[in-house]
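Have a look at model-v2.txt below; it lists compact mmCIF, C-alpha atoms.
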# COMPACT_ATOMS: atom_id res chain seq x y z
CA MET Q 1 36.52 21.61 58.36
CA LEU Q 2 38.69 18.93 56.79
CA ILE Q 3 36.31 16.20 57.96
CA TYR Q 4 33.37 18.18 56.55
CA LYS Q 5 35.10 18.41 53.13
CA GLU Q 6 35.84 14.65 53.21
CA VAL Q 7 32.23 13.84 54.01
CA MET Q 8 30.97 16.18 51.25
CA LYS Q 9 33.31 14.53 48.77
CA LYS Q 10 32.02 11.08 49.73
CA ILE Q 11 28.41 12.22 49.43
CA THR Q 12 29.09 13.71 45.98
CA VAL Q 13 30.69 10.46 44.80
CA LEU Q 14 27.76 8.52 46.20
CA ILE Q 15 25.22 10.75 44.44
CA TYR Q 16 27.04 10.40 41.10
CA THR Q 17 27.30 6.62 41.56
CA LEU Q 18 23.57 6.38 42.31
CA LEU Q 19 22.74 8.54 39.30
CA PHE Q 20 24.92 6.37 37.06
CA VAL Q 21 23.35 3.15 38.36
CA ASN Q 22 19.91 4.70 37.90
CA VAL Q 23 20.60 5.68 34.28
CA LEU Q 24 22.13 2.28 33.60
CA PHE Q 25 19.23 0.24 34.90
CA SER Q 26 16.30 2.52 34.18
CA GLN Q 27 16.67 2.21 30.39
CA GLN Q 28 13.25 1.16 29.22
CA LYS Q 29 13.11 -2.12 27.36
CA ASN Q 30 11.59 -2.05 23.90
CA ILE Q 31 8.53 -4.10 23.12
CA SER Q 32 7.79 -5.71 19.76
CA VAL Q 33 4.71 -7.51 18.54
CA GLU Q 34 4.41 -9.53 15.35
CA TYR Q 35 0.96 -9.53 13.75
CA ALA Q 36 -0.53 -11.81 11.11
CA VAL Q 37 -3.57 -10.74 9.10
CA ASN Q 38 -6.74 -12.42 7.95
CA ILE Q 39 -9.39 -11.10 5.57
CA ASP Q 40 -12.89 -12.52 6.04
CA ASP Q 41 -15.03 -13.12 3.00
CA GLU Q 42 -17.78 -10.72 1.95
CA LYS Q 43 -20.05 -12.72 -0.35
CA GLU Q 44 -21.62 -9.77 -2.14
CA LEU Q 45 -18.48 -7.69 -2.50
CA PHE Q 46 -17.68 -6.68 -6.11
CA ASN Q 47 -20.22 -8.98 -7.71
CA ASN Q 48 -20.59 -6.17 -10.27
CA ASN Q 49 -16.88 -6.05 -11.13
CA PRO Q 50 -15.15 -9.39 -11.91
CA SER Q 51 -11.66 -7.81 -11.97
CA LEU Q 52 -12.07 -6.45 -8.45
CA ARG Q 53 -13.72 -9.64 -7.23
CA LYS Q 54 -10.75 -11.64 -8.51
CA MET Q 55 -8.38 -9.21 -6.81
CA PHE Q 56 -10.28 -9.62 -3.54
CA ASP Q 57 -10.16 -13.44 -3.80
CA ASP Q 58 -6.42 -13.30 -4.62
CA ALA Q 59 -5.88 -10.97 -1.67
CA ARG Q 60 -7.64 -13.41 0.68
CA MET Q 61 -5.36 -16.17 -0.56
CA GLY Q 62 -2.20 -14.05 -0.35
CA VAL Q 63 -2.85 -12.35 2.97
CA ASN Q 64 -1.56 -15.24 5.09
CA ARG Q 65 1.92 -14.50 3.77
CA LEU Q 66 1.90 -10.99 5.23
CA LEU Q 67 3.46 -10.19 8.59
CA PHE Q 68 3.65 -6.87 10.39
CA ASN Q 69 5.75 -5.59 13.28
CA LEU Q 70 4.88 -3.13 15.98
CA VAL Q 71 7.89 -1.74 17.82
CA ILE Q 72 7.43 0.33 20.96
CA ASN Q 73 10.17 2.42 22.52
CA GLU Q 74 10.22 5.38 24.89
CA SER Q 75 9.23 7.83 22.12
CA GLY Q 76 6.22 5.95 20.68
CA SER Q 77 5.51 3.14 18.25
CA LYS Q 78 6.31 2.15 14.70
CA PHE Q 79 4.14 -0.26 12.71
CA TYR Q 80 5.49 -1.67 9.48
CA GLU Q 81 5.30 -4.59 7.08
CA ASN Q 82 7.90 -7.32 7.38
CA ALA Q 83 9.72 -8.52 4.29
CA ILE Q 84 7.14 -10.11 2.02
CA LEU Q 85 7.22 -13.91 2.14
CA SER Q 86 5.22 -14.25 -1.04
CA SER Q 87 6.51 -15.37 -4.38
CA ASP Q 88 3.55 -13.70 -6.04
CA GLU Q 89 4.03 -9.99 -5.52
CA ARG Q 90 0.69 -9.13 -7.11
CA ASP Q 91 -1.29 -11.13 -4.54
CA SER Q 92 0.67 -9.58 -1.70
CA LYS Q 93 0.13 -6.09 -3.06
CA SER Q 94 -3.61 -6.77 -3.33
CA ALA Q 95 -3.56 -8.17 0.20
CA THR Q 96 -1.92 -5.05 1.67
CA ILE Q 97 -4.49 -2.87 -0.12
CA PHE Q 98 -7.43 -4.84 1.27
CA ALA Q 99 -5.75 -5.03 4.69
CA GLY Q 100 -5.87 -1.22 4.75
CA TYR Q 101 -2.11 -0.90 5.12
CA SER Q 102 -0.78 2.23 3.40
CA GLY Q 103 2.73 2.35 4.76
CA VAL Q 104 4.85 2.70 7.88
CA THR Q 105 2.81 4.21 10.71
CA PHE Q 106 4.18 6.00 13.75
CA GLN Q 107 2.24 6.84 16.87
CA PHE Q 108 3.56 9.40 19.30
CA GLN Q 109 2.06 11.15 22.31
CA ASN Q 110 -0.45 13.28 20.43
CA SER Q 111 -0.38 12.29 16.78
CA ILE Q 112 -0.17 9.54 14.21
CA PHE Q 113 2.15 9.89 11.21
CA GLN Q 114 1.59 7.62 8.25
CA GLU Q 115 3.48 7.00 5.02
CA MET Q 116 1.17 6.72 2.04
CA ASN Q 117 1.46 4.83 -1.24
CA TYR Q 118 0.88 7.91 -3.37
CA LEU Q 119 2.99 10.45 -1.50
CA GLU Q 120 6.73 11.05 -1.55
CA LYS Q 121 8.58 9.36 1.29
CA ASP Q 122 9.31 12.68 3.01
CA ILE Q 123 5.63 13.64 3.21
CA LEU Q 124 3.50 11.97 5.86
CA VAL Q 125 -0.17 12.18 6.67
CA LYS Q 126 -0.64 13.49 10.19
CA GLU Q 127 -3.74 12.58 12.15
CA PRO Q 128 -4.88 12.90 15.75
CA LEU Q 129 -4.91 9.79 17.94
CA LYS Q 130 -7.91 7.48 17.61
CA ASP Q 131 -10.53 8.43 20.15
CA ASN Q 132 -14.22 7.79 20.86
CA TRP Q 133 -13.50 4.27 22.01
CA GLU Q 134 -16.31 2.45 23.74
CA LEU Q 135 -14.98 0.12 26.43
CA HIS Q 136 -16.79 -3.16 27.16
CA ILE Q 137 -16.56 -5.73 29.95
CA GLU Q 138 -16.14 -8.70 27.60
CA THR Q 139 -12.79 -10.39 27.96
CA LYS Q 140 -10.68 -12.74 25.91
CA LEU Q 141 -7.45 -14.56 26.67
CA ILE Q 142 -4.84 -13.90 23.97
CA ASP Q 143 -1.42 -15.51 24.41
CA ASN Q 144 -2.24 -15.83 28.16
CA TYR Q 145 -2.93 -12.12 28.47
CA LEU Q 146 -6.37 -11.08 29.66
CA CYS Q 147 -7.70 -8.64 27.09
CA TYR Q 148 -10.77 -6.42 27.07
CA LYS Q 149 -13.00 -5.47 24.19
CA ALA Q 150 -13.23 -1.91 22.88
CA THR Q 151 -15.24 -0.81 19.87
CA ASN Q 152 -15.11 2.12 17.53
CA VAL Q 153 -16.18 3.13 14.04
CA ASN Q 154 -14.06 3.76 10.97
CA LYS Q 155 -15.89 6.38 8.92
CA VAL Q 156 -15.38 6.38 5.16
CA ASP Q 157 -17.12 9.01 3.06
CA ASN Q 158 -17.41 7.74 -0.50
CA GLY Q 159 -17.88 11.22 -1.95
CA ASN Q 160 -21.39 10.55 -3.25
CA GLY Q 161 -23.12 11.46 -0.02
CA LYS Q 162 -22.84 7.99 1.46
CA ILE Q 163 -20.92 7.48 4.69
CA PHE Q 164 -19.80 3.99 5.63
CA ASN Q 165 -19.38 3.24 9.33
CA HIS Q 166 -17.11 0.21 9.34
CA PRO Q 167 -17.08 -1.49 12.74
CA VAL Q 168 -13.78 -1.58 14.65
CA ILE Q 169 -13.19 -4.11 17.44
CA ALA Q 170 -9.98 -3.96 19.47
CA TRP Q 171 -8.86 -6.39 22.17
CA TYR Q 172 -6.49 -4.52 24.46
CA CYS Q 173 -4.61 -5.91 27.42
CA PRO Q 174 -4.10 -3.73 30.53
CA GLU Q 175 -1.42 -6.18 31.71
CA LEU Q 176 0.65 -4.68 28.89
CA PRO Q 177 0.24 -0.98 29.68
CA TYR Q 178 1.23 0.41 26.28
CA SER Q 179 -1.39 2.40 24.41
CA PHE Q 180 -0.43 1.26 20.93
CA GLY Q 181 -1.63 -1.19 18.32
CA PRO Q 182 -1.59 -2.09 14.63
CA ASN Q 183 -1.99 0.41 11.79
CA GLY Q 184 -2.25 3.52 13.97
CA TYR Q 185 -4.98 2.16 16.23
CA GLY Q 186 -4.24 2.74 19.89
CA ASN Q 187 -4.93 5.24 22.65
CA LEU Q 188 -6.44 2.49 24.82
CA PRO Q 189 -5.35 1.54 28.36
CA GLY Q 190 -3.38 -1.43 27.10
CA LEU Q 191 -1.63 -2.91 24.10
CA ILE Q 192 -3.96 -4.04 21.29
CA LEU Q 193 -3.27 -7.71 20.55
CA GLU Q 194 -6.17 -8.16 18.15
CA LEU Q 195 -7.83 -5.62 15.91
CA GLN Q 196 -10.69 -6.00 13.48
CA VAL Q 197 -11.57 -3.23 11.01
CA ARG Q 198 -14.45 -4.14 8.71
CA ASN Q 199 -13.52 -7.71 7.63
CA VAL Q 200 -9.77 -7.44 8.27
CA VAL Q 201 -8.32 -8.95 11.45
CA TYR Q 202 -4.81 -8.24 12.74
CA GLY Q 203 -3.82 -10.81 15.36
CA ALA Q 204 -0.68 -10.89 17.50
CA LYS Q 205 1.47 -13.97 16.87
CA LYS Q 206 4.43 -13.12 19.06
CA VAL Q 207 4.99 -10.61 21.88
CA ASP Q 208 8.56 -9.79 22.84
CA LEU Q 209 8.87 -7.74 26.03
CA ASP Q 210 12.62 -7.39 25.72
CA SER Q 211 13.05 -6.65 22.05
CA LYS Q 212 16.19 -5.55 20.29
CA LEU Q 213 14.13 -3.87 17.59
CA ASP Q 214 14.16 -0.11 17.78
CA PHE Q 215 13.53 2.99 15.67
CA ASP Q 216 14.66 6.57 15.54
CA SER Q 217 12.02 9.27 15.69
CA SER Q 218 14.33 12.17 14.81
CA PHE Q 219 13.16 11.94 11.17
CA LEU Q 220 10.10 13.92 12.27
CA ASN Q 221 12.17 17.10 12.19
CA LYS Q 222 12.80 16.62 8.47
CA VAL Q 223 9.45 15.47 7.08
CA LYS Q 224 6.55 17.53 5.82
CA THR Q 225 3.02 16.61 6.84
CA ILE Q 226 -0.41 16.98 5.28
CA SER Q 227 -3.85 16.19 6.61
CA LEU Q 228 -5.77 13.08 5.56
CA GLU Q 229 -8.42 15.34 4.06
CA ASP Q 230 -5.89 17.06 1.77
CA TYR Q 231 -4.44 13.72 0.77
CA ASN Q 232 -7.91 12.36 -0.07
CA ASN Q 233 -8.69 15.46 -2.14
CA LYS Q 234 -5.47 14.93 -4.08
CA LEU Q 235 -6.34 11.31 -4.82
CA GLN Q 236 -9.88 12.20 -5.85
CA LYS Q 237 -8.52 14.82 -8.25
CA ASP Q 238 -6.06 12.29 -9.71
CA ALA Q 239 -8.86 9.75 -10.15
CA GLU Q 240 -10.84 12.17 -12.33
CA ASN Q 241 -8.16 11.70 -15.01
CA PHE Q 242 -8.19 7.89 -14.83
CA LYS Q 243 -10.31 7.57 -17.96
CA ASP Q 244 -7.85 9.52 -20.14
CA MET V 1 23.43 13.49 -84.08
CA LYS V 2 19.77 14.24 -83.46
CA LYS V 3 19.11 10.51 -83.46
CA VAL V 4 21.88 9.92 -80.87
CA MET V 5 20.57 12.73 -78.68
CA PHE V 6 17.00 11.39 -78.92
CA THR V 7 18.18 7.87 -78.11
CA ALA V 8 20.17 9.11 -75.09
CA ILE V 9 17.24 11.14 -73.72
CA ALA V 10 14.88 8.23 -74.31
CA MET V 11 17.28 5.84 -72.54
CA ILE V 12 17.62 8.16 -69.52
CA ALA V 13 13.85 8.63 -69.35
CA PHE V 14 13.27 4.88 -69.62
CA VAL V 15 15.88 4.00 -67.01
CA GLY V 16 14.59 6.73 -64.71
CA SER V 17 11.02 5.62 -65.04
CA SER V 18 11.89 1.95 -64.65
CA MET V 19 13.94 2.70 -61.50
CA GLY V 20 11.02 4.67 -60.13
CA ASN V 21 8.69 1.80 -60.83
CA THR V 22 11.00 -0.64 -59.08
CA ILE V 23 10.92 1.40 -55.88
CA ALA V 24 7.14 1.73 -56.02
CA GLU V 25 6.84 -1.92 -56.73
CA ARG V 26 8.96 -2.76 -53.71
CA GLU V 27 6.77 -0.63 -51.55
CA VAL V 28 3.70 -2.28 -52.97
CA MET V 29 5.24 -5.70 -52.56
CA LEU V 30 6.06 -4.99 -48.94
CA THR V 31 2.52 -3.91 -48.29
CA ALA V 32 1.15 -6.84 -50.19
CA SER V 33 3.39 -9.18 -48.18
CA GLU V 34 2.13 -7.73 -44.87
CA ASP V 35 -1.43 -8.03 -46.09
CA THR V 36 -0.78 -11.64 -46.94
CA GLN V 37 0.62 -12.32 -43.45
CA VAL V 38 -2.40 -10.79 -41.73
CA ALA V 39 -4.73 -12.65 -44.07
CA GLY V 40 -2.85 -15.84 -43.18
CA MET V 41 -3.79 -15.35 -39.53
CA ASP V 42 -7.18 -16.82 -40.20
CA ALA V 43 -8.60 -13.33 -39.92
CA SER V 44 -8.87 -13.65 -36.10
CA VAL V 45 -10.11 -10.51 -34.40
CA VAL V 46 -8.20 -9.31 -31.34
CA VAL V 47 -10.39 -7.51 -28.88
CA THR V 48 -8.43 -5.58 -26.28
CA LYS V 49 -9.92 -3.95 -23.25
CA ASP V 50 -9.85 -0.18 -22.69
CA CYS V 51 -7.69 -0.22 -19.58
CA GLY V 52 -8.33 3.45 -18.79
CA VAL V 53 -12.05 2.74 -18.52
CA ALA V 54 -11.37 -0.41 -16.46
CA LYS V 55 -9.22 1.65 -14.07
CA PHE V 56 -11.88 4.35 -13.73
CA SER V 57 -14.63 1.77 -13.11
CA ALA V 58 -12.51 -0.05 -10.54
CA TYR V 59 -11.93 3.20 -8.65
CA ASN V 60 -15.63 4.09 -8.61
CA ASP V 61 -16.77 0.57 -7.71
CA ALA V 62 -14.27 0.41 -4.87
CA ARG V 63 -15.44 3.77 -3.53
CA SER V 64 -19.06 2.66 -3.80
CA ALA V 65 -18.19 -0.45 -1.78
CA GLY V 66 -16.86 1.68 1.07
CA PHE V 67 -13.13 1.60 0.48
CA THR V 68 -10.95 4.64 1.10
CA HIS V 69 -9.44 6.82 -1.65
CA GLU V 70 -6.06 5.19 -1.00
CA GLN V 71 -7.46 1.67 -1.29
CA ALA V 72 -9.60 2.52 -4.34
CA THR V 73 -6.60 4.10 -6.08
CA GLY V 74 -4.49 1.02 -5.35
CA MET V 75 -7.18 -1.29 -6.69
CA ALA V 76 -7.65 0.87 -9.79
CA TRP V 77 -3.94 0.79 -10.65
CA ASN V 78 -3.80 -2.93 -9.98
CA VAL V 79 -6.69 -3.51 -12.39
CA TYR V 80 -5.05 -1.20 -14.94
CA PHE V 81 -1.67 -2.99 -14.93
CA PHE V 82 -3.33 -6.41 -15.07
CA CYS V 83 -5.48 -5.22 -18.00
CA MET V 84 -2.43 -3.86 -19.84
CA SER V 85 -0.55 -7.11 -19.36
CA GLU V 86 -3.56 -9.14 -20.62
CA ASN V 87 -3.85 -6.86 -23.67
CA SER V 88 -0.17 -7.22 -24.35
CA LYS V 89 -0.44 -11.03 -24.19
CA LYS V 90 -3.30 -10.98 -26.72
CA VAL V 91 -1.38 -8.79 -29.17
CA THR V 92 1.81 -10.84 -28.81
CA SER V 93 -0.10 -14.05 -29.43
CA ILE V 94 -0.99 -12.98 -33.03
CA GLN V 95 2.67 -12.57 -34.05
CA PRO V 96 3.55 -15.15 -36.79

Before we go any further, please render this structure as structure tokens.
Amino acid sequence: MLIYKEVMKKITVLIYTLLFVNVLFSQQKNISVEYAVNIDDEKELFNNNPSLRKMFDDARMGVNRLLFNLVINESGSKFYENAILSSDERDSKSATIFAGYSGVTFQFQNSIFQEMNYLEKDILVKEPLKDNWELHIETKLIDNYLCYKATNVNKVDNGNGKIFNHPVIAWYCPELPYSFGPNGYGNLPGLILELQVRNVVYGAKKVDLDSKLDFDSSFLNKVKTISLEDYNNKLQKDAENFKD
Amino acid sequence: MKKVMFTAIAMIAFVGSSMGNTIAEREVMLTASEDTQVAGMDASVVVTKDCGVAKFSAYNDARSAGFTHEQATGMAWNVYFFCMSENSKKVTSIQP
């Protein structure tokens, strides 16, 4: 009986030791990716509006000073703009607008949460994950990772009965099995290292597989959410008073 | 006595009316001086843009070019603030 108790004690200690070692070494490492942005020219864009054309040209000049980070931890991902390197804030602001960046974007298991320029910080737009991806066999080597092409469409309804289907091209890398990417694009069988939406290209500059960057997702319990449709309706309503 | 009273009343009336005229004159002089300054500006005409209309046009043009509400709103405000700053520069430049 005494021997049995001794053995049981040893087994219990062993189990606790194994559990401790498991917890200690099974902590998932965070991943971070730094993206630069490029905006391709559109010759005909805003030929009817010199102010907007100038803004577009300024944005193209200023966009190379923008950098974005994607941080991935066990809860999901956070995509955000790094500190602006530009001395001309106006160009950088124009560049973020044309780059389609509204604010910090989180992607979790089932949803995307995005901060918006014209919402309070504690209200986020909640959207489902991007789906309807079309996977292709074309490959591309990015930073020595073999990446595959996936395409999609970004639908924009301009409110006058015209729907724009902007092409989306993502290069995802199954070697990096994380279904995240820039600006809320993800839900592919690999990390997106390059993303093109319309004429805007986000390209990975640096991939850190053992990153110290992290984020806390507990804020989700405190924030309010609205749908993208409600947010768009609000902006459209605001715009009706622009002339006054 | 009647003469003294008449003289006193006449004096008060004269002083009162002359004081009143001085004030009016000052006002007139001020106005005349401002007129002179504006006339001295070589009668240049300052044309400022209606920034509200520029903002509204920017929003609509951006939407027509396939940008989202968020992007169009951002562009519209950007155009508006740039327009306001340009208008302000024009007005400041006519100060003597």

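Every chain Q residue lying within 6 Å of chain V, based on only C-alpha atoms, is listed here: Ile97, Asn158, Phe164, Asn232, Phe242 and Lys243 of chain Q.
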
Need to verify the contact set: Lys130 in chain Q, 7 Å, only C-alpha atoms, exclusion of same-chain residues closer than 3 positions in sequence. Can you return it as a ChimeraX atom specification? /Q:185-187

Selection: 12 Å around Lys212 in chain Q, all atoms listed in the file, excl. self and same-chain fewer than 3 positions, as number ranges by chain: Q: 28-33, 71-73, 208-209, 215

For Ile169 in chain Q, list every protein, DNA or RNA residue within 6 Å, evaluated using all atoms listed in the file, and leave out those in the same chain fewer than 5 positions away; present the list as an mmCIF file with C-alpha atoms, in the frame of the given file.
data_model
loop_
_atom_site.group_PDB
_atom_site.id
_atom_site.type_symbol
_atom_site.label_atom_id
_atom_site.label_comp_id
_atom_site.auth_asym_id
_atom_site.auth_seq_id
_atom_site.Cartn_x
_atom_site.Cartn_y
_atom_site.Cartn_z
ATOM 1 C CA ALA Q 150 -13.230 -1.910 22.880
ATOM 2 C CA THR Q 151 -15.240 -0.810 19.870
ATOM 3 C CA LEU Q 195 -7.830 -5.620 15.910
ATOM 4 C CA GLN Q 196 -10.690 -6.000 13.480
#

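Distances here use all atoms listed in the file; by that measure, the residue among Q:Gln236, Q:Gln109, Q:Asn221, Q:Asn199 closest to Leu45 in chain Q is Q:Asn199.
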
What does the distance between CA of Leu188 in chain Q and CA of Trp133 in chain Q come to in Å, to one decimal place?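 Rounded to one decimal, the two atoms are 7.8 Å apart.
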
To one decimal place, how far is CA of Leu220 in chain Q from CA of Asp131 in chain Q in Å?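 Separation between CA of Leu220 in chain Q and CA of Asp131 in chain Q: 22.8 Å.
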
Nearest to Pro189 in chain Q: which of Q:Leu52, Q:Leu176, Q:Met116, Q:Val168 is it, counting all atoms listed in the file?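 Nearest to Pro189 in chain Q: Q:Leu176.
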
As an exercise, work out the distance from CA of Arg60 in chain Q to CA of Gly100 in chain Q in Å and give it to one decimal place.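 Separation of CA of Arg60 in chain Q and CA of Gly100 in chain Q: 13.0 Å.
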
Residue neighbourhood Tyr172 in chain Q, 8 Å, all atoms listed in the file, exclusion window fewer than 2 positions, as a ChimeraX atom specification: /Q:147-150,170,174,188-194

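Among Q:Glu138, Q:Val223, Q:Ser111, Q:Tyr35, the residue with the shortest atom-to-atom distance to Val207 in chain Q, counting only C-alpha atoms, is Q:Tyr35.
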